[in-house]
Amino acid sequence: MTEQLTETLDELARELDRAHVFHSWSAQSQASSLVVASGRGARVWDHSGREYLDFSSQLVNVNIGHQHPAVVQAIREQAELLTTIAPSTVNLARGEAAKRIVSHAPAGFHKVFFTNGGADANENAIRMARLHTGRDKILSTYRSYHGNTGAAVVATGDWRRVPNEFARGHVHFFGPYLYRSEFWATTPEEESERALRHLRRVIEAEGPSSIAAILLETIPGTAGIMLPPPGYLAGVRELADRHGILLILDEVMCGFGRSGRWFAFDGYGVRPDLITFAKGVNSGYVPAGGVIISDPIAATFDDRVFPGGLTYSGHPLAMASIVATLDTMASEGIVDNARDIGEIQIGPALAELAGKHAVIGEVRGEGVFWAMELVADRDTREPLPAASMGRLKSALVERGLLPFVQDNRIHVVPPCVVTPEEVADAVAIYDEVLSTALEGEG
């Protein structure tokens with residue numbers, strides 16, 4: 001294509017978007033004008049060929065990278081064979097996808113309920129927990145995001161919950177977050193112990209026999225990539241068992257390689273009752289999510305109708321993309337790459353940046369799941385203001401890096417296939433922007 005034609009395509013895309021597309025979580029007059037036409041691996045580009053390093057993985061979901069040929073080919077082959085079929089039918093691709101998913105789950109998980117994404121995965125896990133236990137309440141943390149459907153958004157703890165609080169039976173509590181401890185803790189061990197005591201008191205005050213489940217992101221993602229401190233998840237499991245409460249672990253963002261493991265909870269010595277997933281299971285190539293169901297809960301519905309379903313549950317194109325994604329991640333060592341990149345490249349590089357830039361209050365993460373928390377003052381830990389974060393985000397994009405910016409944090413979340421060279425390129429951009437974009441502040 002000529003340069004003039006490609007620039008025209010970019011402008012046409014923007015014009016059509018402004019005229020007809022209603023964007024999520026946005027004031028419509030302020031929606032992004034960034035055009036993405038295609039991509040490969042950890043890079044995307046617009047119609048005119050301007051390239052960006054994608055260190056957002058879009059919405060932290062493109063774990064296998066953009067346009068992986070094996071996954072694209074699997075979708076193409078499935079489309080030629082069968083594009084869609086009702087979920088009540090038996091389909092080989094669906095069975096193969098479920099088999100691969102449960103192969104990575106703990107012992108005692110054999111069934112998968114497929115959904116269209118992470119929100120309705122959490123929605124249906126909540127429904128299963130209530131029906132299995134005969135109880136109503138769902139406990140979840142204030143620093144969390146579980147999706148934008150009726151119960152999932154009310155289980156969410158952040159600001160998006162407040163305009164949407166129409167579902168019943170939800171109670172929130174504070175989870176561990178040592179950097180901004182709610183419990184006056186000074187060590188990870190203190191934070192864990194005091195957060196568990198707080199949860200115990202919430203359970204006691206709410207009435208244990210009224211609580212169906214505790215719903216947690218194994219590693220809270222959008223809320224800040226806060227790794228659970230030692231003993232916390234095991235302590236939650238013990239509290240749940242003591243009172244007959246189910247434990248639902250939300251692995252929508254942190255699962256399937258993001259943490260450097262197939263499931264993030266594999267690193268914390270805990271076994272949930274229900275596991276929700278989406279995003280990385282097929283890198284979002286076709287919308288898909290689901291609930292991995294432990295055997296006792298699945299057995300509840302052997303002779304009892306489960307009152308839930310979706311037209312596109314187990315959609316063949318999505319199932320083919322899951323099979324190809326998980327097979328390719330295994331054969332190409334992509335989960336191991338995510339672990340090694342985090343340990344050898346990203347972690348040390350971000351620590352070096354923190355030593356150089358006083359605006360970085362804390363760095364935390366694992367695998368390809370990291371956050372730099374930015375502060376106006378390291379001593380007071382006052383968050384960097386929204387206007388400053390906006391300038392940083394704009395400067396990163398101008399220099400060819402797509403960031404994931406949330407509140408006062410830059411989340412460093414590239415695809416699991418990212419290379420050491422791409423990490424070095426991204427870190428150089430972070431370094432330059434942190435050195436120049438905030439000049440004159442403070």
# chains A, B, ... in the order shown; residues from 1 in each chain; ligands from 1

call {"tool": "select_by_dssp", "arguments": {"residues": "range 175-331 of chain A", "states": "alpha helix (DSSP H)", "output": "PyMOL selection string"}}
result
chain A and resi 188-206+232-242+295-300+316-331

call {"tool": "closest_atom_pairs", "arguments": {"of": "range 198-228 of chain A", "to": "range 400-419 of chain A", "cutoff": "9 Å", "atoms": "only C-alpha atoms", "output": "CSV"}}
result
residue,atom,partner,partner_atom,distance
A:Gly221,CA,A:His411,CA,9.0
A:Thr222,CA,A:Gln406,CA,7.0
A:Ala223,CA,A:Gln406,CA,8.0
A:Gly224,CA,A:Arg409,CA,7.4
A:Ile225,CA,A:His411,CA,7.9

call {"tool": "atom_distance", "arguments": {"atom1": "CA of Leu53 in chain A", "atom2": "CA of Ile346 in chain A"}}
result
14.8 Å

call {"tool": "closest_residue", "arguments": {"among": "A:Ala338, A:Ala70, A:Ser103, A:Arg399", "to": "Glu51 in chain A", "atoms": "only C-alpha atoms"}}
result
A:Arg399

call {"tool": "residues_around", "arguments": {"residues": "range 82-93 of chain A", "least_positions_apart": "3", "cutoff": "12 Å", "atoms": "only C-alpha atoms", "output": "number ranges by chain"}}
result
A: 74-79, 96-100, 113-116, 286, 308-324

call {"tool": "write_last_selection", "arguments": {"atoms": "C-alpha atoms", "output": "short mmCIF file (atom, residue, chain, number, x, y, z; two decimals), in the first residue's frame"}}
result
data_model
loop_
_atom_site.label_atom_id
_atom_site.label_comp_id
_atom_site.auth_asym_id
_atom_site.auth_seq_id
_atom_site.Cartn_x
_atom_site.Cartn_y
_atom_site.Cartn_z
CA ALA A 74 -6.51 -23.95 14.20
CA ILE A 75 -9.28 -21.34 14.02
CA ARG A 76 -9.14 -21.44 10.20
CA GLU A 77 -9.39 -25.24 10.11
CA GLN A 78 -12.27 -25.30 12.59
CA ALA A 79 -14.11 -22.61 10.61
CA GLU A 96 -10.54 -31.71 23.70
CA ALA A 97 -10.42 -28.19 25.12
CA ALA A 98 -11.91 -29.29 28.44
CA LYS A 99 -9.48 -32.23 28.65
CA ARG A 100 -6.49 -29.95 28.20
CA PHE A 113 -18.40 -25.18 32.28
CA PHE A 114 -17.58 -22.93 29.33
CA THR A 115 -18.58 -19.27 29.20
CA ASN A 116 -17.93 -16.33 26.89
CA VAL A 286 -11.99 -15.90 20.22
CA GLY A 308 -27.46 -21.59 33.81
CA GLY A 309 -26.29 -21.56 30.23
CA LEU A 310 -25.08 -19.48 27.31
CA THR A 311 -25.79 -19.72 23.60
CA TYR A 312 -22.07 -19.72 22.81
CA SER A 313 -20.88 -21.95 25.67
CA GLY A 314 -18.13 -24.10 24.21
CA HIS A 315 -18.22 -22.38 20.82
CA PRO A 316 -16.22 -24.50 18.32
CA LEU A 317 -13.97 -21.67 17.14
CA ALA A 318 -13.14 -20.76 20.73
CA MET A 319 -12.52 -24.40 21.63
CA ALA A 320 -10.17 -24.91 18.70
CA SER A 321 -8.24 -21.83 19.72
CA ILE A 322 -7.93 -23.15 23.30
CA VAL A 323 -6.60 -26.50 22.13
CA ALA A 324 -4.04 -24.86 19.86
#

call {"tool": "residues_around", "arguments": {"residues": "Ile101 in chain A", "least_positions_apart": "6", "cutoff": "12 Å", "atoms": "only C-alpha atoms", "output": "PDB file with N, CA and C atoms, in the first residue's frame"}}
result
ATOM      1  N   ARG A  94     -14.800 -29.246  21.758  1.00  0.00           N
ATOM      2  CA  ARG A  94     -15.150 -28.852  23.126  1.00  0.00           C
ATOM      3  C   ARG A  94     -14.572 -29.835  24.132  1.00  0.00           C
ATOM      4  N   GLY A  95     -14.707 -31.117  23.841  1.00  0.00           N
ATOM      5  CA  GLY A  95     -14.158 -32.117  24.746  1.00  0.00           C
ATOM      6  C   GLY A  95     -12.645 -32.055  24.832  1.00  0.00           C
ATOM      7  N   PHE A 109     -10.488 -32.433  39.835  1.00  0.00           N
ATOM      8  CA  PHE A 109     -11.215 -31.534  38.936  1.00  0.00           C
ATOM      9  C   PHE A 109     -11.316 -32.230  37.579  1.00  0.00           C
ATOM     10  N   HIS A 110     -12.552 -32.513  37.134  1.00  0.00           N
ATOM     11  CA  HIS A 110     -12.723 -33.219  35.875  1.00  0.00           C
ATOM     12  C   HIS A 110     -13.700 -32.538  34.921  1.00  0.00           C
ATOM     13  N   LYS A 111     -14.414 -31.514  35.353  1.00  0.00           N
ATOM     14  CA  LYS A 111     -15.444 -30.902  34.521  1.00  0.00           C
ATOM     15  C   LYS A 111     -15.179 -29.409  34.346  1.00  0.00           C
ATOM     16  N   VAL A 112     -15.554 -28.917  33.148  1.00  0.00           N
ATOM     17  CA  VAL A 112     -15.435 -27.498  32.816  1.00  0.00           C
ATOM     18  C   VAL A 112     -16.772 -26.998  32.291  1.00  0.00           C
ATOM     19  N   PHE A 113     -17.243 -25.887  32.833  1.00  0.00           N
ATOM     20  CA  PHE A 113     -18.400 -25.180  32.281  1.00  0.00           C
ATOM     21  C   PHE A 113     -17.856 -23.996  31.492  1.00  0.00           C
ATOM     22  N   PHE A 114     -18.134 -23.972  30.186  1.00  0.00           N
ATOM     23  CA  PHE A 114     -17.579 -22.928  29.331  1.00  0.00           C
ATOM     24  C   PHE A 114     -18.501 -21.710  29.268  1.00  0.00           C
ATOM     25  N   GLY A 255      -3.972 -16.551  35.318  1.00  0.00           N
ATOM     26  CA  GLY A 255      -3.804 -17.931  34.911  1.00  0.00           C
ATOM     27  C   GLY A 255      -3.164 -18.114  33.545  1.00  0.00           C
ATOM     28  N   PHE A 256      -2.836 -19.372  33.246  1.00  0.00           N
ATOM     29  CA  PHE A 256      -2.316 -19.808  31.951  1.00  0.00           C
ATOM     30  C   PHE A 256      -1.068 -19.031  31.519  1.00  0.00           C
ATOM     31  N   TRP A 262       1.214 -22.481  35.174  1.00  0.00           N
ATOM     32  CA  TRP A 262      -0.063 -22.675  34.477  1.00  0.00           C
ATOM     33  C   TRP A 262      -1.190 -22.008  35.246  1.00  0.00           C
ATOM     34  N   PHE A 263      -1.244 -22.244  36.549  1.00  0.00           N
ATOM     35  CA  PHE A 263      -2.158 -21.497  37.413  1.00  0.00           C
ATOM     36  C   PHE A 263      -1.334 -20.798  38.486  1.00  0.00           C
ATOM     37  N   ILE A 275     -12.472 -22.882  40.067  1.00  0.00           N
ATOM     38  CA  ILE A 275     -11.445 -22.056  39.425  1.00  0.00           C
ATOM     39  C   ILE A 275     -12.079 -21.377  38.228  1.00  0.00           C
ATOM     40  N   THR A 276     -12.004 -20.058  38.169  1.00  0.00           N
ATOM     41  CA  THR A 276     -12.502 -19.354  36.986  1.00  0.00           C
ATOM     42  C   THR A 276     -11.331 -18.938  36.103  1.00  0.00           C
ATOM     43  N   PHE A 277     -11.577 -18.946  34.797  1.00  0.00           N
ATOM     44  CA  PHE A 277     -10.507 -18.638  33.848  1.00  0.00           C
ATOM     45  C   PHE A 277     -11.103 -17.953  32.625  1.00  0.00           C
ATOM     46  N   ALA A 278     -10.238 -17.344  31.829  1.00  0.00           N
ATOM     47  CA  ALA A 278     -10.574 -16.748  30.526  1.00  0.00           C
ATOM     48  C   ALA A 278      -9.253 -16.267  29.934  1.00  0.00           C
ATOM     49  N   GLY A 280      -5.986 -15.686  29.131  1.00  0.00           N
ATOM     50  CA  GLY A 280      -4.823 -16.402  28.646  1.00  0.00           C
ATOM     51  C   GLY A 280      -5.085 -17.801  28.140  1.00  0.00           C
ATOM     52  N   VAL A 281      -6.252 -18.381  28.428  1.00  0.00           N
ATOM     53  CA  VAL A 281      -6.516 -19.754  27.991  1.00  0.00           C
ATOM     54  C   VAL A 281      -6.444 -19.882  26.477  1.00  0.00           C
ATOM     55  N   ASN A 282      -6.772 -18.810  25.752  1.00  0.00           N
ATOM     56  CA  ASN A 282      -6.578 -18.795  24.288  1.00  0.00           C
ATOM     57  C   ASN A 282      -6.147 -17.418  23.808  1.00  0.00           C
ATOM     58  N   GLY A 289     -14.194 -18.347  28.191  1.00  0.00           N
ATOM     59  CA  GLY A 289     -13.852 -18.413  29.600  1.00  0.00           C
ATOM     60  C   GLY A 289     -14.509 -19.648  30.172  1.00  0.00           C
ATOM     61  N   GLY A 290     -14.475 -19.772  31.497  1.00  0.00           N
ATOM     62  CA  GLY A 290     -15.144 -20.920  32.075  1.00  0.00           C
ATOM     63  C   GLY A 290     -14.868 -21.111  33.547  1.00  0.00           C
ATOM     64  N   VAL A 291     -15.489 -22.160  34.073  1.00  0.00           N
ATOM     65  CA  VAL A 291     -15.332 -22.561  35.469  1.00  0.00           C
ATOM     66  C   VAL A 291     -14.837 -23.995  35.481  1.00  0.00           C
ATOM     67  N   ILE A 292     -13.740 -24.241  36.173  1.00  0.00           N
ATOM     68  CA  ILE A 292     -13.254 -25.601  36.394  1.00  0.00           C
ATOM     69  C   ILE A 292     -13.830 -26.035  37.739  1.00  0.00           C
ATOM     70  N   ILE A 293     -14.557 -27.142  37.726  1.00  0.00           N
ATOM     71  CA  ILE A 293     -15.425 -27.506  38.841  1.00  0.00           C
ATOM     72  C   ILE A 293     -14.856 -28.720  39.570  1.00  0.00           C
ATOM     73  N   MET A 319     -13.107 -23.155  21.134  1.00  0.00           N
ATOM     74  CA  MET A 319     -12.520 -24.400  21.629  1.00  0.00           C
ATOM     75  C   MET A 319     -11.275 -24.782  20.825  1.00  0.00           C
ATOM     76  N   ILE A 322      -8.446 -22.705  22.003  1.00  0.00           N
ATOM     77  CA  ILE A 322      -7.929 -23.152  23.299  1.00  0.00           C
ATOM     78  C   ILE A 322      -6.990 -24.338  23.116  1.00  0.00           C
ATOM     79  N   VAL A 323      -7.435 -25.318  22.349  1.00  0.00           N
ATOM     80  CA  VAL A 323      -6.600 -26.501  22.126  1.00  0.00           C
ATOM     81  C   VAL A 323      -5.247 -26.094  21.536  1.00  0.00           C
ATOM     82  N   ALA A 324      -5.288 -25.265  20.509  1.00  0.00           N
ATOM     83  CA  ALA A 324      -4.035 -24.856  19.864  1.00  0.00           C
ATOM     84  C   ALA A 324      -3.166 -24.031  20.789  1.00  0.00           C
ATOM     85  N   THR A 325      -3.776 -23.133  21.560  1.00  0.00           N
ATOM     86  CA  THR A 325      -3.006 -22.299  22.479  1.00  0.00           C
ATOM     87  C   THR A 325      -2.305 -23.134  23.537  1.00  0.00           C
ATOM     88  N   LEU A 326      -3.051 -24.009  24.203  1.00  0.00           N
ATOM     89  CA  LEU A 326      -2.449 -24.788  25.292  1.00  0.00           C
ATOM     90  C   LEU A 326      -1.420 -25.782  24.770  1.00  0.00           C
ATOM     91  N   ASP A 327      -1.681 -26.390  23.620  1.00  0.00           N
ATOM     92  CA  ASP A 327      -0.691 -27.300  23.049  1.00  0.00           C
ATOM     93  C   ASP A 327       0.588 -26.551  22.664  1.00  0.00           C
TER      94      ASP A 327
END

call {"tool": "atom_distance", "arguments": {"atom1": "CA of Asp241 in chain A", "atom2": "CA of Asp266 in chain A"}}
result
19.0 Å

call {"tool": "residues_around", "arguments": {"residues": "range 203-214 of chain A", "least_positions_apart": "3", "cutoff": "12 Å", "atoms": "only C-alpha atoms", "output": "ChimeraX atom specification"}}
result
/A:122,125-141,155,169-173,175,196-200,217-218,233,236-250,272-275

call {"tool": "write_last_selection", "arguments": {"atoms": "C-alpha atoms", "output": "compact mmCIF listing (two decimals), in the first residue's frame"}}
result
# COMPACT_ATOMS: atom_id res chain seq x y z
CA ASN A 122 -17.31 -15.64 37.92
CA ALA A 125 -19.10 -19.87 39.83
CA ILE A 126 -21.06 -17.74 42.29
CA ARG A 127 -24.28 -19.43 41.15
CA MET A 128 -22.75 -22.89 41.59
CA ALA A 129 -21.48 -22.04 45.07
CA ARG A 130 -24.88 -20.79 46.20
CA LEU A 131 -26.72 -23.82 44.82
CA HIS A 132 -24.18 -26.31 46.19
CA THR A 133 -24.12 -24.86 49.71
CA GLY A 134 -27.68 -23.56 49.98
CA ARG A 135 -26.20 -20.31 51.29
CA ASP A 136 -26.33 -16.81 49.87
CA LYS A 137 -23.43 -14.52 50.77
CA ILE A 138 -20.27 -14.09 48.73
CA LEU A 139 -17.22 -12.54 50.40
CA SER A 140 -14.66 -10.74 48.24
CA THR A 141 -12.03 -8.04 48.70
CA ALA A 155 -18.31 -8.89 43.90
CA GLY A 169 -25.69 -11.04 49.15
CA HIS A 170 -22.24 -9.50 48.70
CA VAL A 171 -19.85 -8.58 51.52
CA HIS A 172 -16.40 -7.03 51.10
CA PHE A 173 -13.28 -7.17 53.24
CA GLY A 175 -7.10 -8.30 51.60
CA LEU A 196 -6.48 -13.34 58.18
CA ARG A 197 -7.67 -12.14 61.58
CA HIS A 198 -9.68 -9.42 59.85
CA LEU A 199 -11.27 -11.98 57.52
CA ARG A 200 -12.03 -14.28 60.45
CA GLU A 217 -8.18 -13.29 42.61
CA THR A 218 -5.19 -15.49 43.35
CA LEU A 233 -4.10 -18.19 50.84
CA VAL A 236 -8.13 -18.44 53.81
CA ARG A 237 -8.49 -22.10 52.81
CA GLU A 238 -8.40 -23.13 56.48
CA LEU A 239 -11.05 -20.54 57.45
CA ALA A 240 -13.27 -21.68 54.59
CA ASP A 241 -12.94 -25.34 55.55
CA ARG A 242 -13.67 -24.59 59.20
CA HIS A 243 -17.05 -23.11 58.30
CA GLY A 244 -18.09 -25.14 55.25
CA ILE A 245 -17.45 -22.20 52.93
CA LEU A 246 -16.27 -22.72 49.35
CA LEU A 247 -13.14 -21.06 47.99
CA ILE A 248 -13.36 -19.67 44.44
CA LEU A 249 -10.05 -18.59 42.94
CA ASP A 250 -10.32 -16.15 40.05
CA PRO A 272 -9.70 -24.11 45.56
CA ASP A 273 -13.17 -25.57 45.07
CA LEU A 274 -13.91 -23.65 41.88
CA ILE A 275 -11.44 -22.06 39.42

call {"tool": "atom_distance", "arguments": {"atom1": "CA of Val335 in chain A", "atom2": "CA of Gly260 in chain A"}}
result
5.4 Å

call {"tool": "closest_residue", "arguments": {"among": "A:Thr436, A:Asn61, A:Ser259, A:Thr156", "to": "Trp370 in chain A", "atoms": "only C-alpha atoms"}}
result
A:Ser259

call {"tool": "closest_residue", "arguments": {"among": "A:Tyr177, A:Asp377, A:Gln345, A:Asp54", "to": "Leu396 in chain A", "atoms": "only C-alpha atoms"}}
result
A:Asp54

call {"tool": "closest_residue", "arguments": {"among": "A:Thr6, A:Thr300, A:Asn337, A:Ser435", "to": "Gly49 in chain A", "atoms": "only C-alpha atoms"}}
result
A:Thr6

call {"tool": "residues_around", "arguments": {"residues": "Ala195 in chain A", "least_positions_apart": "4", "cutoff": "12 Å", "atoms": "only C-alpha atoms", "output": "count of residues only"}}
result
28

call {"tool": "residues_around", "arguments": {"residues": "range 21-35 of chain A", "least_positions_apart": "3", "cutoff": "10 Å", "atoms": "only C-alpha atoms", "output": "list in words"}}
result
Leu9, Asp10, Glu11, Ala13, Arg14, Glu15, Leu16, Asp17, Arg18, Ser38, Val44, Trp45, Asp46, His47, Ser48, Arg50, Arg160, Val397 and Leu402 of chain A
